[in-house]
>>> print(open('query-v6.cif').read())   # mmCIF, N, CA and C atoms
data_final
#
loop_
_atom_site.label_atom_id
_atom_site.label_comp_id
_atom_site.auth_asym_id
_atom_site.auth_seq_id
_atom_site.Cartn_x
_atom_site.Cartn_y
_atom_site.Cartn_z
N MET P 1 71.32 99.35 100.35
CA MET P 1 72.32 100.28 100.86
C MET P 1 71.69 101.61 101.22
N SER P 2 70.77 102.09 100.40
CA SER P 2 70.18 103.40 100.69
C SER P 2 69.32 103.35 101.94
N CYS P 3 68.71 102.19 102.26
CA CYS P 3 67.91 102.13 103.48
C CYS P 3 68.80 102.21 104.71
N VAL P 4 70.00 101.73 104.60
CA VAL P 4 70.94 101.83 105.72
C VAL P 4 71.36 103.27 105.93
N LEU P 5 71.54 104.01 104.85
CA LEU P 5 72.04 105.37 104.95
C LEU P 5 70.95 106.39 105.24
N HIS P 6 69.74 106.19 104.68
CA HIS P 6 68.75 107.26 104.78
C HIS P 6 67.42 106.84 105.38
N GLY P 7 66.86 105.73 104.96
CA GLY P 7 65.50 105.41 105.33
C GLY P 7 65.37 104.24 106.27
N GLU P 8 64.18 104.01 106.71
CA GLU P 8 63.82 102.89 107.57
C GLU P 8 64.73 102.76 108.77
N GLY P 9 64.87 103.83 109.51
CA GLY P 9 65.68 103.78 110.72
C GLY P 9 67.17 103.90 110.49
N GLY P 10 67.57 104.20 109.26
CA GLY P 10 68.99 104.36 108.98
C GLY P 10 69.55 105.61 109.62
N ASN P 11 70.82 105.61 109.87
CA ASN P 11 71.48 106.74 110.52
C ASN P 11 72.27 107.51 109.47
N PRO P 12 71.94 108.80 109.24
CA PRO P 12 72.68 109.57 108.23
C PRO P 12 74.15 109.75 108.60
N ALA P 13 74.50 109.58 109.87
CA ALA P 13 75.90 109.71 110.27
C ALA P 13 76.75 108.62 109.63
N VAL P 14 76.13 107.50 109.27
CA VAL P 14 76.86 106.41 108.62
C VAL P 14 77.43 106.89 107.29
N LEU P 15 76.63 107.65 106.55
CA LEU P 15 77.09 108.18 105.26
C LEU P 15 78.32 109.06 105.44
N TRP P 16 78.31 109.91 106.44
CA TRP P 16 79.46 110.80 106.67
C TRP P 16 80.67 110.03 107.14
N ARG P 17 80.47 108.99 107.92
CA ARG P 17 81.61 108.16 108.34
C ARG P 17 82.23 107.44 107.15
N LEU P 18 81.36 106.88 106.30
CA LEU P 18 81.87 106.19 105.11
C LEU P 18 82.60 107.15 104.18
N ALA P 19 82.05 108.35 104.01
CA ALA P 19 82.70 109.34 103.15
C ALA P 19 84.05 109.75 103.73
N GLY P 20 84.09 109.98 105.02
CA GLY P 20 85.36 110.34 105.67
C GLY P 20 86.39 109.23 105.55
N PHE P 21 85.96 108.00 105.73
CA PHE P 21 86.88 106.88 105.60
C PHE P 21 87.39 106.76 104.17
N GLY P 22 86.52 107.01 103.20
CA GLY P 22 86.94 106.96 101.80
C GLY P 22 88.00 108.00 101.48
N VAL P 23 87.84 109.19 102.03
CA VAL P 23 88.85 110.24 101.82
C VAL P 23 90.16 109.85 102.48
N LEU P 24 90.09 109.36 103.70
CA LEU P 24 91.33 108.97 104.40
C LEU P 24 92.03 107.81 103.70
N ARG P 25 91.27 106.91 103.07
CA ARG P 25 91.87 105.76 102.38
C ARG P 25 92.68 106.17 101.16
N THR P 26 92.38 107.33 100.59
CA THR P 26 93.06 107.73 99.36
C THR P 26 94.06 108.85 99.54
N LEU P 27 94.26 109.33 100.74
CA LEU P 27 95.19 110.43 100.96
C LEU P 27 96.63 110.07 100.61
N PHE P 28 96.99 108.81 100.79
CA PHE P 28 98.38 108.42 100.56
C PHE P 28 98.78 108.47 99.09
N TYR P 29 97.83 108.43 98.18
CA TYR P 29 98.17 108.43 96.76
C TYR P 29 98.99 109.66 96.37
N GLY P 30 98.57 110.82 96.81
CA GLY P 30 99.30 112.04 96.48
C GLY P 30 100.70 112.04 97.04
N LEU P 31 100.85 111.56 98.26
CA LEU P 31 102.17 111.52 98.89
C LEU P 31 103.10 110.55 98.18
N VAL P 32 102.58 109.40 97.84
CA VAL P 32 103.41 108.40 97.16
C VAL P 32 103.79 108.88 95.76
N LEU P 33 102.85 109.44 95.03
CA LEU P 33 103.16 109.94 93.69
C LEU P 33 104.18 111.07 93.75
N ALA P 34 104.06 111.95 94.73
CA ALA P 34 105.04 113.04 94.87
C ALA P 34 106.42 112.50 95.23
N ALA P 35 106.46 111.49 96.08
CA ALA P 35 107.75 110.90 96.47
C ALA P 35 108.43 110.25 95.27
N VAL P 36 107.65 109.53 94.46
CA VAL P 36 108.22 108.88 93.27
C VAL P 36 108.70 109.92 92.28
N GLN P 37 107.92 110.97 92.09
CA GLN P 37 108.34 112.05 91.18
C GLN P 37 109.64 112.69 91.65
N ASP P 38 109.78 112.86 92.96
CA ASP P 38 110.96 113.51 93.52
C ASP P 38 112.20 112.61 93.43
N MET P 39 112.00 111.31 93.54
CA MET P 39 113.14 110.40 93.63
C MET P 39 113.63 109.89 92.27
N THR P 40 112.86 110.09 91.21
CA THR P 40 113.28 109.56 89.91
C THR P 40 113.82 110.68 89.02
N PRO P 41 114.75 110.34 88.14
CA PRO P 41 115.25 111.33 87.19
C PRO P 41 114.13 111.79 86.25
N ALA P 42 114.25 113.00 85.76
CA ALA P 42 113.19 113.61 84.96
C ALA P 42 112.86 112.80 83.70
N ARG P 43 113.84 112.16 83.11
CA ARG P 43 113.60 111.47 81.83
C ARG P 43 112.79 110.18 81.98
N ILE P 44 112.68 109.63 83.19
CA ILE P 44 111.90 108.39 83.37
C ILE P 44 110.74 108.55 84.36
N ARG P 45 110.37 109.78 84.68
CA ARG P 45 109.29 109.99 85.65
C ARG P 45 107.97 109.39 85.18
N SER P 46 107.62 109.56 83.93
CA SER P 46 106.34 109.03 83.47
C SER P 46 106.32 107.51 83.53
N THR P 47 107.44 106.87 83.21
CA THR P 47 107.52 105.42 83.30
C THR P 47 107.43 104.96 84.74
N ALA P 48 108.09 105.67 85.64
CA ALA P 48 108.04 105.31 87.06
C ALA P 48 106.62 105.42 87.61
N ILE P 49 105.91 106.47 87.24
CA ILE P 49 104.53 106.64 87.70
C ILE P 49 103.64 105.54 87.11
N ALA P 50 103.87 105.21 85.83
CA ALA P 50 103.07 104.15 85.20
C ALA P 50 103.29 102.81 85.90
N VAL P 51 104.53 102.49 86.23
CA VAL P 51 104.83 101.24 86.93
C VAL P 51 104.21 101.26 88.32
N LEU P 52 104.28 102.40 89.00
CA LEU P 52 103.70 102.51 90.33
C LEU P 52 102.19 102.29 90.30
N ILE P 53 101.51 102.94 89.38
CA ILE P 53 100.05 102.79 89.29
C ILE P 53 99.68 101.36 88.92
N PHE P 54 100.45 100.75 88.01
CA PHE P 54 100.21 99.35 87.66
C PHE P 54 100.36 98.46 88.88
N ALA P 55 101.44 98.66 89.63
CA ALA P 55 101.69 97.83 90.81
C ALA P 55 100.61 98.04 91.86
N GLN P 56 100.21 99.28 92.09
CA GLN P 56 99.17 99.54 93.08
C GLN P 56 97.85 98.88 92.70
N ASP P 57 97.48 98.98 91.44
CA ASP P 57 96.18 98.46 91.01
C ASP P 57 96.18 96.94 90.85
N PHE P 58 97.14 96.41 90.13
CA PHE P 58 97.11 95.00 89.80
C PHE P 58 97.78 94.10 90.82
N LEU P 59 98.65 94.64 91.62
CA LEU P 59 99.30 93.82 92.65
C LEU P 59 98.77 94.13 94.05
N GLY P 60 98.05 95.24 94.20
CA GLY P 60 97.56 95.64 95.51
C GLY P 60 96.05 95.60 95.62
N VAL P 61 95.39 96.44 94.85
CA VAL P 61 93.94 96.59 94.97
C VAL P 61 93.22 95.32 94.51
N GLY P 62 93.56 94.80 93.35
CA GLY P 62 92.88 93.62 92.82
C GLY P 62 93.03 92.40 93.71
N PRO P 63 94.24 91.94 93.96
CA PRO P 63 94.39 90.77 94.83
C PRO P 63 93.96 91.03 96.28
N GLY P 64 94.00 92.28 96.71
CA GLY P 64 93.58 92.59 98.08
C GLY P 64 92.13 92.26 98.32
N GLN P 65 91.27 92.58 97.36
CA GLN P 65 89.85 92.25 97.49
C GLN P 65 89.64 90.75 97.46
N TRP P 66 90.35 90.08 96.60
CA TRP P 66 90.25 88.63 96.52
C TRP P 66 90.71 87.97 97.81
N MET P 67 91.84 88.47 98.35
CA MET P 67 92.36 87.91 99.61
C MET P 67 91.39 88.15 100.77
N ALA P 68 90.77 89.32 100.82
CA ALA P 68 89.79 89.59 101.88
C ALA P 68 88.64 88.59 101.80
N GLY P 69 88.18 88.30 100.60
CA GLY P 69 87.11 87.32 100.44
C GLY P 69 87.54 85.92 100.84
N ARG P 70 88.76 85.53 100.46
CA ARG P 70 89.26 84.20 100.82
C ARG P 70 89.41 84.06 102.33
N ILE P 71 89.95 85.09 102.97
CA ILE P 71 90.09 85.05 104.43
C ILE P 71 88.71 84.98 105.07
N GLY P 72 87.77 85.76 104.55
CA GLY P 72 86.40 85.71 105.07
C GLY P 72 85.75 84.35 104.89
N ASP P 73 86.01 83.69 103.77
CA ASP P 73 85.44 82.37 103.53
C ASP P 73 85.99 81.32 104.48
N ARG P 74 87.24 81.45 104.84
CA ARG P 74 87.88 80.45 105.69
C ARG P 74 87.73 80.72 107.18
N ALA P 75 87.39 81.94 107.54
CA ALA P 75 87.29 82.30 108.96
C ALA P 75 86.00 81.74 109.55
N ASP P 76 86.12 81.20 110.74
CA ASP P 76 84.95 80.70 111.47
C ASP P 76 84.62 81.71 112.56
N LEU P 77 84.22 82.90 112.12
CA LEU P 77 83.94 84.02 113.02
C LEU P 77 82.54 84.56 112.74
N PRO P 78 81.97 85.33 113.69
CA PRO P 78 80.62 85.87 113.46
C PRO P 78 80.52 86.77 112.23
N GLU P 79 81.51 87.59 111.97
CA GLU P 79 81.50 88.47 110.80
C GLU P 79 82.81 88.25 110.03
N PRO P 80 82.88 87.18 109.24
CA PRO P 80 84.15 86.81 108.61
C PRO P 80 84.68 87.83 107.61
N LEU P 81 83.80 88.45 106.82
CA LEU P 81 84.29 89.40 105.82
C LEU P 81 84.91 90.62 106.47
N THR P 82 84.36 91.05 107.59
CA THR P 82 84.94 92.18 108.33
C THR P 82 86.36 91.85 108.75
N HIS P 83 86.56 90.66 109.26
CA HIS P 83 87.90 90.26 109.69
C HIS P 83 88.85 90.12 108.51
N GLY P 84 88.35 89.63 107.38
CA GLY P 84 89.18 89.55 106.18
C GLY P 84 89.62 90.92 105.71
N LEU P 85 88.71 91.88 105.73
CA LEU P 85 89.06 93.24 105.32
C LEU P 85 90.06 93.88 106.28
N ILE P 86 89.92 93.61 107.57
CA ILE P 86 90.86 94.15 108.56
C ILE P 86 92.25 93.58 108.32
N VAL P 87 92.35 92.28 108.07
CA VAL P 87 93.66 91.66 107.85
C VAL P 87 94.33 92.25 106.61
N VAL P 88 93.57 92.42 105.54
CA VAL P 88 94.12 92.98 104.31
C VAL P 88 94.55 94.43 104.52
N ALA P 89 93.75 95.20 105.24
CA ALA P 89 94.10 96.60 105.51
C ALA P 89 95.36 96.69 106.37
N LEU P 90 95.50 95.80 107.34
CA LEU P 90 96.70 95.82 108.18
C LEU P 90 97.95 95.43 107.39
N ALA P 91 97.78 94.65 106.34
CA ALA P 91 98.92 94.27 105.51
C ALA P 91 99.55 95.49 104.85
N ALA P 92 98.77 96.55 104.66
CA ALA P 92 99.31 97.77 104.06
C ALA P 92 100.38 98.40 104.95
N TYR P 93 100.31 98.13 106.24
CA TYR P 93 101.32 98.68 107.15
C TYR P 93 102.71 98.08 106.92
N LEU P 94 102.80 97.01 106.17
CA LEU P 94 104.10 96.43 105.84
C LEU P 94 104.93 97.38 104.97
N ALA P 95 104.27 98.31 104.30
CA ALA P 95 104.97 99.27 103.45
C ALA P 95 105.64 100.39 104.25
N VAL P 96 105.24 100.58 105.49
CA VAL P 96 105.79 101.69 106.29
C VAL P 96 107.31 101.60 106.43
N PRO P 97 107.90 100.45 106.79
CA PRO P 97 109.36 100.40 106.87
C PRO P 97 110.06 100.72 105.54
N LEU P 98 109.44 100.36 104.44
CA LEU P 98 110.03 100.67 103.13
C LEU P 98 110.05 102.17 102.87
N PHE P 99 108.96 102.86 103.24
CA PHE P 99 108.92 104.32 103.07
C PHE P 99 109.93 105.00 103.99
N VAL P 100 110.08 104.50 105.21
CA VAL P 100 111.07 105.07 106.14
C VAL P 100 112.48 104.87 105.60
N ALA P 101 112.77 103.68 105.10
CA ALA P 101 114.10 103.40 104.53
C ALA P 101 114.36 104.30 103.32
N ALA P 102 113.35 104.50 102.48
CA ALA P 102 113.52 105.37 101.32
C ALA P 102 113.78 106.81 101.74
N ALA P 103 113.10 107.26 102.78
CA ALA P 103 113.30 108.63 103.27
C ALA P 103 114.70 108.81 103.83
N TRP P 104 115.17 107.83 104.62
CA TRP P 104 116.53 107.92 105.16
C TRP P 104 117.56 107.93 104.04
N ARG P 105 117.38 107.07 103.05
CA ARG P 105 118.32 107.01 101.94
C ARG P 105 118.31 108.33 101.16
N ARG P 106 117.14 108.88 100.93
CA ARG P 106 117.03 110.13 100.20
C ARG P 106 117.70 111.28 100.95
N ASN P 107 117.52 111.32 102.26
CA ASN P 107 118.16 112.36 103.07
C ASN P 107 119.69 112.23 103.03
N ARG P 108 120.20 111.00 103.06
CA ARG P 108 121.66 110.79 102.96
C ARG P 108 122.20 111.23 101.61
N GLU P 109 121.43 110.96 100.54
CA GLU P 109 121.89 111.35 99.20
C GLU P 109 121.91 112.86 99.02
N ARG P 110 121.02 113.56 99.67
CA ARG P 110 120.96 115.03 99.54
C ARG P 110 122.05 115.73 100.32
N GLN P 111 122.62 115.07 101.31
CA GLN P 111 123.66 115.72 102.13
C GLN P 111 125.01 115.67 101.47
#
>>> encode(input="query-v6.cif", output="structure tokens")
Amino acid sequence: MSCVLHGEGGNPAVLWRLAGFGVLRTLFYGLVLAAVQDMTPARIRSTAIAVLIFAQDFLGVGPGQWMAGRIGDRADLPEPLTHGLIVVALAAYLAVPLFVAAAWRRNRERQ
């Protein structure tokens, strides 16, 4: 990995791209945690956050890596793991309608 980033003809711009992508991949955590804190009553906020983190880690991150590998194993493509990771990342967009519905519902409740 270090030869890709620094030595033997490696491009240092790769390191900055990877770092930037890593930051962008985690930006949603703050927004989601703030939304859950705002939408739950004060007496159960800690439980709601605990359930959210459990769901994100054990139902999202863990199986997501496994699914990317399975898709990569079954794909008959030049770079199968890349395609598996793309499919898993695109699956995250399925949450967008749920966030929009929650925002509309929250706005109606506040009025």
>>> residues_around(input="query-v6.cif", residues="Ile53 (chain P)", least_positions_apart="4", cutoff="12 Å", atoms="only C-alpha atoms", output="PyMOL selection string")
chain P and resi 29-30+32-33+36+46-49+57-61
>>> atom_distance(input="query-v6.cif", atom1="atom C of Leu24 (chain P)", atom2="atom C of Ile86 (chain P)")
15.0 Å
>>> atom_distance(input="query-v6.cif", atom1="atom C of Gly62 (chain P)", atom2="atom C of Val88 (chain P)")
11.1 Å
>>> atom_distance(input="query-v6.cif", atom1="atom C of Arg45 (chain P)", atom2="atom C of Leu31 (chain P)")
13.9 Å
>>> residues_around(input="query-v6.cif", residues="Arg106 (chain P)", least_positions_apart="5", cutoff="9 Å", atoms="only C-alpha atoms", output="number ranges by chain")
P: 39, 101, 111
>>> closest_residue(input="query-v6.cif", among="P:Thr82, P:Ala35, P:Val23, P:Ala55", to="Val100 (chain P)", atoms="only C-alpha atoms")
P:Ala35
>>> select_by_dssp(input="query-v6.cif", residues="chain P", states="alpha helix (DSSP H)", output="number ranges by chain")
P: 2-5, 12-39, 45-54, 62-74, 80-91, 96-110
>>> residues_around(input="query-v6.cif", residues="Gly69 (chain P)", least_positions_apart="4", cutoff="9 Å", atoms="only C-alpha atoms", output="MDAnalysis selection string")
chainID P and resid 64:65 73:74 80:81 84:85
>>> decode(input="query-v6.cif", residues="region 8-106 of chain P", atoms="C-alpha atoms", output="PDB file, in the first residue's frame")
ATOM      1  CA  GLU P   8       8.181   3.403  -6.754  1.00  0.00           C
ATOM      2  CA  GLY P   9       6.259   5.656  -9.083  1.00  0.00           C
ATOM      3  CA  GLY P  10       3.328   6.110  -6.726  1.00  0.00           C
ATOM      4  CA  ASN P  11       1.262   9.261  -6.961  1.00  0.00           C
ATOM      5  CA  PRO P  12       0.914  11.241  -3.697  1.00  0.00           C
ATOM      6  CA  ALA P  13      -2.379  12.629  -5.009  1.00  0.00           C
ATOM      7  CA  VAL P  14      -3.861   9.168  -4.419  1.00  0.00           C
ATOM      8  CA  LEU P  15      -3.381   9.632  -0.676  1.00  0.00           C
ATOM      9  CA  TRP P  16      -5.263  12.937  -0.725  1.00  0.00           C
ATOM     10  CA  ARG P  17      -8.078  11.460  -2.804  1.00  0.00           C
ATOM     11  CA  LEU P  18      -8.446   8.538  -0.416  1.00  0.00           C
ATOM     12  CA  ALA P  19      -8.390  10.865   2.594  1.00  0.00           C
ATOM     13  CA  GLY P  20     -11.008  13.129   1.020  1.00  0.00           C
ATOM     14  CA  PHE P  21     -13.218  10.171   0.178  1.00  0.00           C
ATOM     15  CA  GLY P  22     -12.892   8.892   3.746  1.00  0.00           C
ATOM     16  CA  VAL P  23     -14.055  12.235   5.128  1.00  0.00           C
ATOM     17  CA  LEU P  24     -16.981  12.397   2.719  1.00  0.00           C
ATOM     18  CA  ARG P  25     -17.997   8.821   3.611  1.00  0.00           C
ATOM     19  CA  THR P  26     -18.446   9.739   7.269  1.00  0.00           C
ATOM     20  CA  LEU P  27     -20.101  13.146   7.032  1.00  0.00           C
ATOM     21  CA  PHE P  28     -23.588  11.681   7.252  1.00  0.00           C
ATOM     22  CA  TYR P  29     -23.025  10.294  10.753  1.00  0.00           C
ATOM     23  CA  GLY P  30     -23.327  13.697  12.396  1.00  0.00           C
ATOM     24  CA  LEU P  31     -26.457  14.561  10.458  1.00  0.00           C
ATOM     25  CA  VAL P  32     -28.160  11.272  11.230  1.00  0.00           C
ATOM     26  CA  LEU P  33     -27.260  11.404  14.925  1.00  0.00           C
ATOM     27  CA  ALA P  34     -28.547  14.983  15.166  1.00  0.00           C
ATOM     28  CA  ALA P  35     -31.792  14.046  13.417  1.00  0.00           C
ATOM     29  CA  VAL P  36     -32.374  11.122  15.786  1.00  0.00           C
ATOM     30  CA  GLN P  37     -31.614  13.303  18.800  1.00  0.00           C
ATOM     31  CA  ASP P  38     -34.079  15.910  17.550  1.00  0.00           C
ATOM     32  CA  MET P  39     -36.866  13.459  16.771  1.00  0.00           C
ATOM     33  CA  THR P  40     -36.827  11.378  19.961  1.00  0.00           C
ATOM     34  CA  PRO P  41     -38.108  12.354  23.404  1.00  0.00           C
ATOM     35  CA  ALA P  42     -35.404  13.299  25.896  1.00  0.00           C
ATOM     36  CA  ARG P  43     -35.960  10.285  28.154  1.00  0.00           C
ATOM     37  CA  ILE P  44     -35.112   7.727  25.423  1.00  0.00           C
ATOM     38  CA  ARG P  45     -32.446   9.579  23.407  1.00  0.00           C
ATOM     39  CA  SER P  46     -29.577   7.429  24.634  1.00  0.00           C
ATOM     40  CA  THR P  47     -31.473   4.243  23.781  1.00  0.00           C
ATOM     41  CA  ALA P  48     -32.365   5.578  20.336  1.00  0.00           C
ATOM     42  CA  ILE P  49     -28.730   6.447  19.608  1.00  0.00           C
ATOM     43  CA  ALA P  50     -27.599   3.025  20.861  1.00  0.00           C
ATOM     44  CA  VAL P  51     -30.091   1.260  18.576  1.00  0.00           C
ATOM     45  CA  LEU P  52     -29.042   3.467  15.654  1.00  0.00           C
ATOM     46  CA  ILE P  53     -25.341   2.743  16.116  1.00  0.00           C
ATOM     47  CA  PHE P  54     -26.065  -0.974  16.514  1.00  0.00           C
ATOM     48  CA  ALA P  55     -28.128  -0.993  13.326  1.00  0.00           C
ATOM     49  CA  GLN P  56     -25.530   0.972  11.368  1.00  0.00           C
ATOM     50  CA  ASP P  57     -22.661  -1.259  12.440  1.00  0.00           C
ATOM     51  CA  PHE P  58     -24.176  -4.719  12.570  1.00  0.00           C
ATOM     52  CA  LEU P  59     -26.828  -4.413   9.882  1.00  0.00           C
ATOM     53  CA  GLY P  60     -25.025  -2.010   7.552  1.00  0.00           C
ATOM     54  CA  VAL P  61     -21.251  -1.926   7.781  1.00  0.00           C
ATOM     55  CA  GLY P  62     -20.645  -5.595   8.608  1.00  0.00           C
ATOM     56  CA  PRO P  63     -22.915  -7.244   6.044  1.00  0.00           C
ATOM     57  CA  GLY P  64     -22.052  -4.542   3.498  1.00  0.00           C
ATOM     58  CA  GLN P  65     -18.435  -5.680   3.321  1.00  0.00           C
ATOM     59  CA  TRP P  66     -19.498  -9.297   3.082  1.00  0.00           C
ATOM     60  CA  MET P  67     -21.996  -8.494   0.315  1.00  0.00           C
ATOM     61  CA  ALA P  68     -19.361  -6.563  -1.648  1.00  0.00           C
ATOM     62  CA  GLY P  69     -17.102  -9.606  -1.509  1.00  0.00           C
ATOM     63  CA  ARG P  70     -19.888 -11.978  -2.547  1.00  0.00           C
ATOM     64  CA  ILE P  71     -20.856  -9.771  -5.478  1.00  0.00           C
ATOM     65  CA  GLY P  72     -17.191  -9.540  -6.459  1.00  0.00           C
ATOM     66  CA  ASP P  73     -16.816 -13.321  -6.299  1.00  0.00           C
ATOM     67  CA  ARG P  74     -19.803 -13.908  -8.545  1.00  0.00           C
ATOM     68  CA  ALA P  75     -19.147 -11.137 -11.058  1.00  0.00           C
ATOM     69  CA  ASP P  76     -17.455 -12.085 -14.306  1.00  0.00           C
ATOM     70  CA  LEU P  77     -15.914  -8.652 -14.811  1.00  0.00           C
ATOM     71  CA  PRO P  78     -12.340  -7.346 -15.142  1.00  0.00           C
ATOM     72  CA  GLU P  79     -12.390  -5.768 -11.661  1.00  0.00           C
ATOM     73  CA  PRO P  80     -15.110  -7.631  -9.751  1.00  0.00           C
ATOM     74  CA  LEU P  81     -14.426  -6.237  -6.275  1.00  0.00           C
ATOM     75  CA  THR P  82     -14.712  -2.674  -7.567  1.00  0.00           C
ATOM     76  CA  HIS P  83     -18.121  -3.458  -8.992  1.00  0.00           C
ATOM     77  CA  GLY P  84     -19.182  -5.161  -5.762  1.00  0.00           C
ATOM     78  CA  LEU P  85     -18.207  -2.091  -3.746  1.00  0.00           C
ATOM     79  CA  ILE P  86     -20.069   0.196  -6.155  1.00  0.00           C
ATOM     80  CA  VAL P  87     -23.251  -1.880  -5.867  1.00  0.00           C
ATOM     81  CA  VAL P  88     -23.085  -1.866  -2.066  1.00  0.00           C
ATOM     82  CA  ALA P  89     -22.414   1.890  -1.976  1.00  0.00           C
ATOM     83  CA  LEU P  90     -25.355   2.564  -4.295  1.00  0.00           C
ATOM     84  CA  ALA P  91     -27.592   0.550  -1.966  1.00  0.00           C
ATOM     85  CA  ALA P  92     -27.088   3.312   0.610  1.00  0.00           C
ATOM     86  CA  TYR P  93     -29.147   5.589  -1.624  1.00  0.00           C
ATOM     87  CA  LEU P  94     -32.204   3.508  -0.704  1.00  0.00           C
ATOM     88  CA  ALA P  95     -32.218   5.407   2.603  1.00  0.00           C
ATOM     89  CA  VAL P  96     -32.772   8.781   0.901  1.00  0.00           C
ATOM     90  CA  PRO P  97     -36.579   8.396   0.520  1.00  0.00           C
ATOM     91  CA  LEU P  98     -36.809   7.409   4.188  1.00  0.00           C
ATOM     92  CA  PHE P  99     -34.954  10.559   5.278  1.00  0.00           C
ATOM     93  CA  VAL P 100     -37.178  12.705   3.032  1.00  0.00           C
ATOM     94  CA  ALA P 101     -40.322  11.098   4.470  1.00  0.00           C
ATOM     95  CA  ALA P 102     -39.041  11.653   8.015  1.00  0.00           C
ATOM     96  CA  ALA P 103     -38.313  15.320   7.248  1.00  0.00           C
ATOM     97  CA  TRP P 104     -41.791  15.880   5.789  1.00  0.00           C
ATOM     98  CA  ARG P 105     -43.413  14.175   8.769  1.00  0.00           C
ATOM     99  CA  ARG P 106     -41.327  16.211  11.216  1.00  0.00           C
TER     100      ARG P 106
END
